[in-house]
>>> print(open('run.tsv').read())   # TSV, C-alpha atoms and all ligand atoms
chain	number	residue	atom	x	y	z
Z	1	MET	CA	0.00	0.00	0.00
Z	2	ALA	CA	1.22	3.47	-0.80
Z	3	SER	CA	2.27	5.43	2.24
Z	4	GLU	CA	0.20	8.46	1.20
Z	5	GLU	CA	-3.09	6.59	1.39
Z	6	ARG	CA	-5.65	8.30	3.65
Z	7	ALA	CA	-8.91	6.62	4.69
Z	8	ILE	CA	-12.06	8.63	3.99
Z	9	ALA	CA	-15.01	6.36	4.72
Z	10	GLY	CA	-16.11	2.76	4.87
Z	11	GLY	CA	-18.95	1.35	2.78
Z	12	ASP	CA	-19.82	-0.85	-0.19
Z	13	TRP	CA	-18.68	-0.83	-3.76
Z	14	HIS	CA	-20.98	-1.84	-6.62
Z	15	PRO	CA	-19.67	-2.61	-10.12
Z	16	ALA	CA	-21.35	-0.65	-12.95
Z	17	GLY	CA	-24.87	-1.85	-13.58
Z	18	SER	CA	-24.70	-4.63	-10.98
Z	19	SER	CA	-26.33	-5.16	-7.62
Z	20	ARG	CA	-23.30	-7.12	-6.42
Z	21	SER	CA	-21.66	-5.40	-3.51
Z	22	VAL	CA	-18.18	-5.62	-2.05
Z	23	ALA	CA	-17.28	-4.35	1.41
Z	24	ALA	CA	-14.80	-1.57	0.68
Z	25	ARG	CA	-13.11	1.58	1.91
Z	26	LEU	CA	-12.85	4.89	0.10
Z	27	VAL	CA	-9.32	6.23	0.27
Z	28	ASP	CA	-7.41	9.22	-0.98
Z	29	ARG	CA	-4.16	8.29	-2.72
Z	30	SER	CA	-2.18	11.43	-3.47
Z	31	GLY	CA	-5.19	13.24	-4.88
Z	32	ARG	CA	-6.79	10.19	-6.48
Z	33	LEU	CA	-9.97	8.61	-5.05
Z	34	ALA	CA	-9.97	4.83	-4.83
Z	35	ALA	CA	-12.34	2.16	-3.60
Z	36	VAL	CA	-10.26	-0.63	-2.09
Z	37	PRO	CA	-11.63	-3.94	-0.83
Z	38	GLU	CA	-12.00	-4.15	2.96
Z	39	ALA	CA	-9.92	-7.31	2.78
Z	40	GLY	CA	-7.17	-5.48	0.93
Z	41	GLY	CA	-5.81	-6.02	-2.56
Z	42	THR	CA	-5.97	-4.08	-5.80
Z	43	PRO	CA	-8.36	-1.12	-5.98
Z	44	LEU	CA	-11.84	-1.91	-7.29
Z	45	ALA	CA	-12.07	1.52	-8.91
Z	46	GLU	CA	-9.88	4.59	-9.02
Z	47	ALA	CA	-10.16	8.09	-10.48
Z	48	PRO	CA	-8.67	11.54	-10.11
Z	49	ALA	CA	-10.59	13.20	-7.28
Z	50	ASP	CA	-12.09	15.85	-9.55
Z	51	ARG	CA	-13.43	13.20	-11.94
Z	52	ALA	CA	-15.36	11.23	-9.32
Z	53	GLU	CA	-18.91	12.39	-8.87
Z	54	ILE	CA	-19.90	12.79	-5.22
Z	55	SER	CA	-23.61	13.07	-4.47
Z	56	ALA	CA	-24.84	15.96	-2.34
Z	57	ARG	CA	-25.72	15.37	1.29
Z	58	VAL	CA	-29.48	15.01	1.76
Z	59	GLY	CA	-30.45	14.16	5.31
Z	60	SER	CA	-29.04	10.77	6.29
Z	61	ILE	CA	-29.37	9.19	2.85
Z	62	PRO	CA	-26.15	7.29	1.91
Z	63	ARG	CA	-23.69	9.21	-0.25
Z	64	ARG	CA	-22.73	7.81	-3.66
Z	65	ILE	CA	-19.36	8.29	-5.24
Z	66	THR	CA	-19.57	7.40	-8.93
Z	67	PHE	CA	-16.32	6.56	-10.73
Z	68	SER	CA	-15.75	7.17	-14.41
Z	69	ASP	CA	-16.20	3.44	-15.16
Z	70	GLY	CA	-19.73	3.67	-13.80
Z	71	SER	CA	-19.06	1.74	-10.61
Z	72	VAL	CA	-20.36	3.21	-7.38
Z	73	PHE	CA	-19.07	3.43	-3.85
Z	74	GLU	CA	-21.84	3.89	-1.34
Z	75	THR	CA	-21.38	5.00	2.28
Z	76	TRP	CA	-23.42	6.00	5.30
Z	77	ASP	CA	-20.46	7.99	6.59
Z	78	ASN	CA	-21.67	11.40	5.46
Z	79	ASP	CA	-19.41	13.15	7.93
Z	80	GLY	CA	-16.33	11.36	6.58
Z	81	ILE	CA	-17.17	12.50	3.05
Z	82	ASP	CA	-17.83	16.06	4.21
Z	83	ARG	CA	-14.51	16.13	6.10
Z	84	TYR	CA	-12.72	14.95	2.97
Z	85	LEU	CA	-14.48	17.52	0.76
Z	86	ALA	CA	-13.78	20.31	3.22
Z	87	ALA	CA	-10.09	19.31	3.55
Z	88	ASN	CA	-9.74	19.39	-0.22
Z	89	GLY	CA	-11.57	22.66	-0.61
Z	90	ARG	CA	-14.04	20.91	-2.81
Z	91	GLY	CA	-17.54	22.06	-2.05
Z	92	GLY	CA	-17.72	20.79	1.51
Z	93	ALA	CA	-18.61	24.20	2.83
Z	94	GLY	CA	-20.56	24.77	-0.34
Z	95	LEU	CA	-22.75	21.79	0.38
Z	96	VAL	CA	-23.46	22.97	3.88
Z	97	HIS	CA	-24.14	26.36	2.42
Z	98	TRP	CA	-26.48	24.88	-0.16
Z	99	LEU	CA	-28.35	23.07	2.57
Z	100	GLU	CA	-28.67	26.24	4.60
Z	101	GLN	CA	-29.88	27.99	1.49
Z	102	PHE	CA	-32.39	25.22	0.94
Z	103	ARG	CA	-33.73	25.56	4.49
Z	104	LEU	CA	-33.81	29.32	4.13
Z	105	ARG	CA	-35.75	29.04	0.89
Z	106	LEU	CA	-38.22	26.72	2.57
Z	107	VAL	CA	-38.71	29.17	5.42
Z	108	VAL	CA	-39.14	32.01	2.92
Z	109	VAL	CA	-41.73	30.04	0.94
Z	110	VAL	CA	-43.69	29.13	4.07
Z	111	LEU	CA	-43.56	32.71	5.32
Z	112	ALA	CA	-44.62	34.00	1.92
Z	113	ALA	CA	-47.59	31.64	1.97
Z	114	PHE	CA	-48.68	33.00	5.34
Z	115	VAL	CA	-48.20	36.61	4.27
Z	116	LEU	CA	-50.11	36.00	1.04
Z	117	GLY	CA	-52.93	34.31	2.95
Z	118	GLY	CA	-53.13	37.27	5.30
Z	119	ALA	CA	-52.96	39.70	2.41
Z	120	ILE	CA	-55.84	37.98	0.65
Z	121	TYR	CA	-58.00	38.50	3.72
Z	122	ARG	CA	-56.67	41.97	4.40
Z	123	PHE	CA	-56.82	43.29	0.86
Z	124	GLY	CA	-58.56	40.63	-1.24
Z	125	VAL	CA	-62.00	40.98	0.31
Z	126	PRO	CA	-62.03	44.80	0.18
Z	127	LEU	CA	-60.86	44.59	-3.43
Z	128	LEU	CA	-63.57	42.08	-4.34
Z	129	VAL	CA	-66.11	44.30	-2.55
Z	130	GLU	CA	-65.06	47.22	-4.77
Z	131	VAL	CA	-65.34	45.05	-7.89
Z	132	ALA	CA	-68.76	43.78	-6.80
Z	133	VAL	CA	-69.99	47.34	-6.15
Z	134	ARG	CA	-68.75	48.39	-9.62
Z	135	VAL	CA	-70.40	45.49	-11.46
Z	136	THR	CA	-73.70	45.68	-9.56
Z	137	PRO	CA	-76.38	46.71	-12.06
Z	138	PRO	CA	-78.77	49.44	-10.78
Z	139	VAL	CA	-81.63	46.97	-10.75
Z	140	VAL	CA	-80.06	45.09	-7.81
Z	141	PRO	CA	-80.18	48.00	-5.31
Z	142	GLU	CA	-83.69	48.79	-6.60
Z	143	LEU	CA	-84.84	45.22	-5.94
Z	144	MET	CA	-83.16	45.24	-2.54
Z	145	ALA	CA	-84.86	48.50	-1.58
Z	146	LYS	CA	-88.24	47.38	-2.87
Z	147	GLY	CA	-88.00	44.10	-0.95
Z	148	THR	CA	-86.91	45.86	2.22
Z	149	MET	CA	-89.67	48.46	2.09
Z	150	GLU	CA	-92.32	45.82	1.41
Z	151	ALA	CA	-91.04	43.69	4.29
Z	152	LEU	CA	-90.96	46.65	6.71
Z	153	ASP	CA	-94.38	47.93	5.64
Z	154	ALA	CA	-95.82	44.46	6.18
Z	155	THR	CA	-94.23	43.85	9.57
Z	156	THR	CA	-93.15	47.05	11.31
Z	157	PHE	CA	-94.22	50.30	9.71
Z	158	SER	CA	-97.58	52.03	9.60
Z	159	PRO	CA	-98.55	55.03	7.45
Z	160	THR	CA	-97.21	58.32	8.77
Z	161	ARG	CA	-99.37	60.39	11.11
Z	162	LEU	CA	-97.33	63.56	10.69
Z	163	PRO	CA	-99.25	66.68	9.65
Z	164	GLU	CA	-99.00	67.45	5.96
Z	165	ALA	CA	-97.35	70.82	6.67
Z	166	LYS	CA	-94.56	69.23	8.74
Z	167	ARG	CA	-93.81	66.69	6.02
Z	168	ARG	CA	-93.72	69.44	3.40
Z	169	GLU	CA	-91.29	71.48	5.49
Z	170	ILE	CA	-88.90	68.51	5.85
Z	171	ALA	CA	-89.30	67.50	2.19
Z	172	ASP	CA	-88.45	71.03	1.06
Z	173	GLY	CA	-85.26	71.09	3.11
Z	174	PHE	CA	-84.39	67.61	1.87
Z	175	ALA	CA	-84.92	68.66	-1.77
Z	176	ARG	CA	-82.40	71.48	-1.29
Z	177	ILE	CA	-79.61	69.15	-0.19
Z	178	ALA	CA	-80.55	66.27	-2.52
Z	179	ALA	CA	-80.22	68.67	-5.47
Z	180	LEU	CA	-76.59	69.25	-4.44
Z	181	SER	CA	-75.72	65.53	-4.47
Z	182	PRO	CA	-74.26	64.09	-7.70
Z	183	ARG	CA	-77.35	61.88	-8.04
Z	184	GLY	CA	-79.56	64.94	-8.02
Z	185	GLU	CA	-83.00	65.36	-6.47
Z	186	ALA	CA	-84.43	62.64	-8.73
Z	187	GLY	CA	-81.90	60.17	-7.35
Z	188	TYR	CA	-83.67	60.09	-3.98
Z	189	THR	CA	-87.10	59.28	-2.64
Z	190	LEU	CA	-87.99	60.44	0.86
Z	191	ASN	CA	-90.56	58.33	2.69
Z	192	PHE	CA	-92.36	59.13	5.94
Z	193	ARG	CA	-93.47	56.22	8.11
Z	194	ASP	CA	-94.65	55.52	11.62
Z	195	GLY	CA	-91.62	53.50	12.73
Z	196	GLY	CA	-93.46	51.21	15.17
Z	197	ALA	CA	-90.95	48.97	16.92
Z	198	ILE	CA	-87.90	50.61	15.37
Z	199	GLY	CA	-88.82	53.95	16.93
Z	200	PRO	CA	-86.91	57.14	16.12
Z	201	ASN	CA	-84.84	56.35	13.06
Z	202	ALA	CA	-83.75	57.42	9.65
Z	203	PHE	CA	-82.03	55.22	7.12
Z	204	ALA	CA	-81.17	54.99	3.46
Z	205	LEU	CA	-81.43	52.03	1.13
Z	206	PRO	CA	-78.80	51.63	-1.58
Z	207	ASP	CA	-81.02	52.85	-4.43
Z	208	GLY	CA	-81.60	56.24	-2.80
Z	209	THR	CA	-84.79	55.35	-0.93
Z	210	LEU	CA	-84.75	57.21	2.40
Z	211	VAL	CA	-87.02	56.67	5.35
Z	212	VAL	CA	-87.57	58.95	8.31
Z	213	THR	CA	-89.87	57.82	11.09
Z	214	ASP	CA	-92.53	59.91	12.78
Z	215	GLN	CA	-90.81	59.16	16.07
Z	216	LEU	CA	-87.60	60.81	14.89
Z	217	VAL	CA	-89.47	63.88	13.70
Z	218	THR	CA	-91.30	64.08	17.03
Z	219	LEU	CA	-88.01	63.70	18.91
Z	220	ALA	CA	-86.53	66.58	16.91
Z	221	GLY	CA	-89.39	68.88	17.89
Z	222	ASP	CA	-89.22	72.17	16.01
Z	223	ASP	CA	-85.67	71.62	14.75
Z	224	THR	CA	-86.37	70.72	11.11
Z	225	GLU	CA	-82.87	71.78	10.12
Z	226	MET	CA	-81.50	69.02	12.36
Z	227	ILE	CA	-83.68	66.43	10.60
Z	228	VAL	CA	-82.37	67.68	7.26
Z	229	GLY	CA	-78.84	67.26	8.66
Z	230	VAL	CA	-79.63	63.64	9.48
Z	231	LEU	CA	-81.04	63.10	6.00
Z	232	ALA	CA	-77.88	64.66	4.52
Z	233	HIS	CA	-75.91	62.07	6.49
Z	234	GLU	CA	-78.08	59.35	4.94
Z	235	ILE	CA	-77.43	60.82	1.48
Z	236	GLY	CA	-73.76	60.40	2.32
Z	237	HIS	CA	-74.32	56.68	2.96
Z	238	VAL	CA	-76.06	56.35	-0.42
Z	239	GLU	CA	-73.43	58.33	-2.37
Z	240	LEU	CA	-70.61	56.31	-0.82
Z	241	GLU	CA	-72.53	53.05	-1.36
Z	242	HIS	CA	-72.01	52.01	2.24
Z	243	SER	CA	-74.88	49.56	2.50
Z	244	LEU	CA	-73.87	47.67	-0.65
Z	245	ARG	CA	-70.30	47.50	0.59
Z	246	GLN	CA	-71.36	46.34	4.03
Z	247	LEU	CA	-73.62	43.68	2.56
Z	248	TYR	CA	-70.92	42.47	0.18
Z	249	ARG	CA	-68.39	42.40	2.98
Z	250	ALA	CA	-70.77	40.19	4.92
Z	251	ALA	CA	-71.04	37.88	1.90
Z	252	GLY	CA	-67.35	37.07	2.36
Z	253	MET	CA	-64.82	35.91	-0.17
Z	254	ALA	CA	-66.77	32.90	-1.49
Z	255	GLY	CA	-70.04	34.80	-1.79
Z	256	LEU	CA	-68.31	37.68	-3.59
Z	257	ILE	CA	-66.63	35.41	-6.11
Z	258	MET	CA	-70.00	33.78	-6.87
Z	259	LEU	CA	-71.61	37.19	-7.09
Z	260	ILE	CA	-69.00	38.62	-9.46
Z	261	ALA	CA	-69.00	35.45	-11.54
Z	262	GLY	CA	-72.74	35.91	-11.94
Z	263	ASP	CA	-73.52	32.65	-10.21
Z	264	VAL	CA	-75.94	34.01	-7.64
Z	265	GLY	CA	-77.41	31.12	-5.71
Z	266	SER	CA	-80.91	31.31	-4.28
Z	267	GLY	CA	-79.48	31.92	-0.79
Z	268	VAL	CA	-77.59	35.00	-1.89
Z	269	GLU	CA	-80.60	36.15	-3.90
Z	270	ASP	CA	-82.79	35.92	-0.79
Z	271	VAL	CA	-80.39	38.08	1.16
Z	272	LEU	CA	-80.17	40.60	-1.68
Z	273	VAL	CA	-83.87	40.91	-2.37
Z	274	GLN	CA	-85.44	40.38	1.06
Z	275	GLY	CA	-82.82	42.66	2.46
Z	276	GLY	CA	-84.71	43.09	5.74
Z	277	GLY	CA	-81.23	42.90	7.21
Z	278	LEU	CA	-80.27	46.06	5.35
Z	279	VAL	CA	-81.85	48.20	8.01
Z	280	ALA	CA	-80.07	46.33	10.77
Z	281	LEU	CA	-76.69	46.89	9.12
Z	282	SER	CA	-74.35	48.88	11.22
Z	283	TYR	CA	-71.65	50.74	9.39
Z	284	SER	CA	-68.03	51.00	10.34
Z	285	ARG	CA	-66.80	54.04	12.26
Z	286	ALA	CA	-65.01	55.15	9.11
Z	287	ALA	CA	-68.24	54.95	7.10
Z	288	GLU	CA	-70.14	56.91	9.75
Z	289	ALA	CA	-67.45	59.56	9.87
Z	290	ALA	CA	-67.51	59.86	6.06
Z	291	ALA	CA	-71.31	60.23	6.06
Z	292	ASP	CA	-71.03	62.85	8.84
Z	293	ARG	CA	-68.57	64.87	6.74
Z	294	ARG	CA	-70.91	64.60	3.75
Z	295	SER	CA	-73.73	65.98	5.89
Z	296	VAL	CA	-71.57	68.91	6.96
Z	297	GLU	CA	-70.61	69.62	3.31
Z	298	LEU	CA	-74.14	69.37	1.90
Z	299	MET	CA	-75.65	71.43	4.71
Z	300	ALA	CA	-73.01	74.14	4.30
Z	301	LYS	CA	-73.53	74.23	0.53
Z	302	ALA	CA	-77.31	74.52	0.94
Z	303	GLY	CA	-76.92	77.39	3.39
Z	304	PHE	CA	-78.01	75.45	6.49
Z	305	ASP	CA	-76.06	75.11	9.73
Z	306	PRO	CA	-73.31	72.64	8.70
Z	307	ALA	CA	-73.12	71.19	12.23
Z	308	ALA	CA	-76.88	70.56	12.52
Z	309	ILE	CA	-76.32	66.82	12.75
Z	310	ALA	CA	-74.18	67.28	15.86
Z	311	ARG	CA	-77.26	68.66	17.64
Z	312	PHE	CA	-79.01	65.46	16.74
Z	313	PHE	CA	-76.36	63.29	18.43
Z	314	THR	CA	-76.61	65.39	21.56
Z	315	LEU	CA	-80.37	64.95	21.53
Z	316	LEU	CA	-80.09	61.19	20.98
Z	317	GLU	CA	-77.76	60.74	23.89
Z	318	GLU	CA	-79.88	62.89	26.17
Z	319	LYS	CA	-83.19	61.31	25.31
Z	320	LEU	CA	-82.27	57.76	24.35
Z	321	GLY	CA	-79.17	57.24	26.46
Z	322	ASP	CA	-80.73	54.59	28.69
Z	323	ARG	CA	-82.27	52.76	25.77
Z	324	SER	CA	-79.10	52.54	23.74
Z	325	GLY	CA	-80.00	49.00	22.66
Z	326	THR	CA	-82.52	50.49	20.26
Z	327	SER	CA	-81.80	50.83	16.59
Z	328	MET	CA	-80.79	54.44	16.05
Z	329	LEU	CA	-78.01	54.54	18.59
Z	330	SER	CA	-76.67	51.09	17.82
Z	331	THR	CA	-76.56	51.71	14.06
Z	332	HIS	CA	-75.50	55.34	14.43
Z	333	PRO	CA	-73.37	55.49	17.56
Z	334	GLY	CA	-73.01	59.16	18.50
Z	335	THR	CA	-69.91	59.48	20.55
Z	336	PRO	CA	-68.55	62.77	21.88
Z	337	GLU	CA	-65.54	62.29	19.56
Z	338	ARG	CA	-67.83	62.05	16.59
Z	339	ARG	CA	-69.64	65.22	17.59
Z	340	LYS	CA	-66.32	66.97	18.02
Z	341	GLU	CA	-65.19	65.90	14.54
Z	342	ILE	CA	-68.41	67.24	13.06
Z	343	LEU	CA	-67.95	70.59	14.79
Z	344	ASP	CA	-64.29	70.77	13.77
Z	345	TYR	CA	-65.07	69.98	10.14
Z	346	ALA	CA	-67.91	72.48	10.09
Z	347	ARG	CA	-65.51	75.11	11.41
Z	348	ILE	CA	-62.94	74.24	8.72
Z	349	LEU	CA	-65.58	74.51	5.99
Z	350	SER	CA	-66.65	77.89	7.38
Z	351	GLY	CA	-63.05	79.05	7.02
Z	352	GLN	CA	-62.42	79.38	10.73
Z	353	SER	CA	-59.37	77.89	12.39
Z	354	ALA	CA	-59.76	74.59	14.12
Z	355	PRO	CA	-57.06	74.64	16.81
Z	356	ASP	CA	-57.18	70.91	17.63
Z	357	ARG	CA	-56.62	69.77	14.08
Z	358	GLN	CA	-53.87	70.36	11.62
Z	401	ZN	ZN	-74.97	56.59	9.47
>>> encode(input="run.tsv", output="structure tokens", more="lines below")
Ligand SMILES: [Zn+2]
Amino acid sequence: MASEERAIAGGDWHPAGSSRSVAARLVDRSGRLAAVPEAGGTPLAEAPADRAEISARVGSIPRRITFSDGSVFETWDNDGIDRYLAANGRGGAGLVHWLEQFRLRLVVVVLAAFVLGGAIYRFGVPLLVEVAVRVTPPVVPELMAKGTMEALDATTFSPTRLPEAKRREIADGFARIAALSPRGEAGYTLNFRDGGAIGPNAFALPDGTLVVTDQLVTLAGDDTEMIVGVLAHEIGHVELEHSLRQLYRAAGMAGLIMLIAGDVGSGVEDVLVQGGGLVALSYSRAAEAAADRRSVELMAKAGFDPAAIARFFTLLEEKLGDRSGTSMLSTHPGTPERRKEILDYARILSGQSAPDRQ
């Protein structure tokens, strides 16, 4: 045996294309790799180190060293092979590096999957809601409103008992602000109803149908301007399509995809057309704030007190504070912050400084 022989690893040698195996050792002989029988004797295979193909380390799977004659030396001693590769500056570190890269890539892919999943819920649903709102033909909000009004008239509402003169006064004020909305006066229908169980309330359906209850008018007393401010807020909800958005958000991802694809199942259709739930919808704080600002803008433009709706929230809290479970306060929460924002915005629109805001 040559004196420069260095043992690398023990294992088995297989001739090319044969399942026969010979117990052997892999050795380094002055830069040449050789498989020598365990029992000693002439090498079974030999090749310059850079011509032998060494498989990459994958877990604890045996490494294969393939010689140029096609014979293979197989070993479980992964560490021995790695030590040899590292000592010869041949990819040992590179292999470890590759493995680390592989693990890193795996972590990145898994993380990306989580982030994407989160993003779909964070941004996908709002995006689909916007698409659904855009592709909704006008007949859908009309059907929803018609269904809702029929359901409410059959179950909850009675004809209004307000004096004709009072209704005219409110309708005149309403016409002034409705005319300033992009939809125009013809884009809205104001309905008076005895609200029955739903009490003092005002709401808008997505097609521009507005309802104000006798109870709300009574609550407001002589302050018709305040009622108009509330109706201006409802116009804001219609303009900004809040109820459609809220309904579509409630439909969720699957419902929205069906809706946009035009595959509206009977369940979805029931929700859309019955729509009794429309009235019970509560909007987000952001939607309420946007509708409040719209009220301030429309009221200012029409020459009314822009902050009239703030008076209404004060009144609600004073008179309905203990019965906050009822509809108007739960669907239109009037917090002091909200009132403050209305007053601040009204001041800004009037050109006065608003010290608490930039
Ligand atoms: Zn509102």
>>> closest_residue(input="run.tsv", among="Z:Leu180, Z:Leu116, Z:Ala291, Z:Ala171", to="ligand ZN 401 (chain Z)", atoms="only C-alpha atoms and all ligand atoms")
Z:Ala291
>>> residues_near_ligand(input="run.tsv", ligand="ligand ZN 401 (chain Z)", cutoff="8 Å", atoms="only C-alpha atoms and all ligand atoms", output="ChimeraX atom specification")
/Z:203,233-234,237,282-283,287-288,291-292,331-332
>>> closest_residue(input="run.tsv", among="Z:Arg249, Z:Arg64, Z:His14, Z:Arg168", to="Z:Leu127", atoms="only C-alpha atoms")
Z:Arg249
>>> residues_around(input="run.tsv", residues="Z:Ser60", least_positions_apart="2", cutoff="12 Å", atoms="all atoms listed in the file", output="ChimeraX atom specification")
/Z:56-58,62-63,75-79
>>> atom_distance(input="run.tsv", atom1="atom CA of Z:Pro206", atom2="atom CA of Z:Glu150")
15.0 Å
>>> atom_distance(input="run.tsv", atom1="atom CA of Z:Gly195", atom2="atom CA of Z:Phe174")
19.2 Å
>>> closest_residue(input="run.tsv", among="Z:Gly303, Z:Gly11, Z:Gly124, Z:Gly351", to="Z:Gly229", atoms="all atoms listed in the file")
Z:Gly303
>>> atom_distance(input="run.tsv", atom1="atom CA of Z:Ser243", atom2="atom CA of Z:Leu205")
7.1 Å
>>> residues_around(input="run.tsv", residues="Z:Pro48", least_positions_apart="6", cutoff="7 Å", atoms="all atoms listed in the file", output="VMD selection string")
chain Z and resid 31 to 33
>>> write_last_selection(input="run.tsv", atoms="C-alpha atoms", output="tab-separated table (two decimals), in the frame of the given file")
chain	number	residue	atom	x	y	z
Z	31	GLY	CA	-5.19	13.24	-4.88
Z	32	ARG	CA	-6.79	10.19	-6.48
Z	33	LEU	CA	-9.97	8.61	-5.05
>>> residues_near_point(input="run.tsv", point="(-79.1, 74.9, 0.5)", cutoff="6 Å", atoms="all atoms listed in the file", output="PyMOL selection string")
chain Z and resi 176-177+301-303
>>> closest_residue(input="run.tsv", among="Z:Ala220, Z:Val125, Z:Met149, Z:Ile170", to="Z:Leu315", atoms="all atoms listed in the file")
Z:Ala220
>>> closest_residue(input="run.tsv", among="Z:Asp82, Z:Asp69, Z:Glu5, Z:Glu130", to="Z:Arg245", atoms="all atoms listed in the file")
Z:Glu130
>>> residues_around(input="run.tsv", residues="stretch 18-22 of chain Z", least_positions_apart="2", cutoff="12 Å", atoms="only C-alpha atoms", output="ChimeraX atom specification")
/Z:10-16,24-26,35-40,43-45,70-75
>>> closest_residue(input="run.tsv", among="Z:Ala119, Z:Leu104, Z:Leu216, Z:Ala300", to="Z:Leu316", atoms="only C-alpha atoms")
Z:Leu216
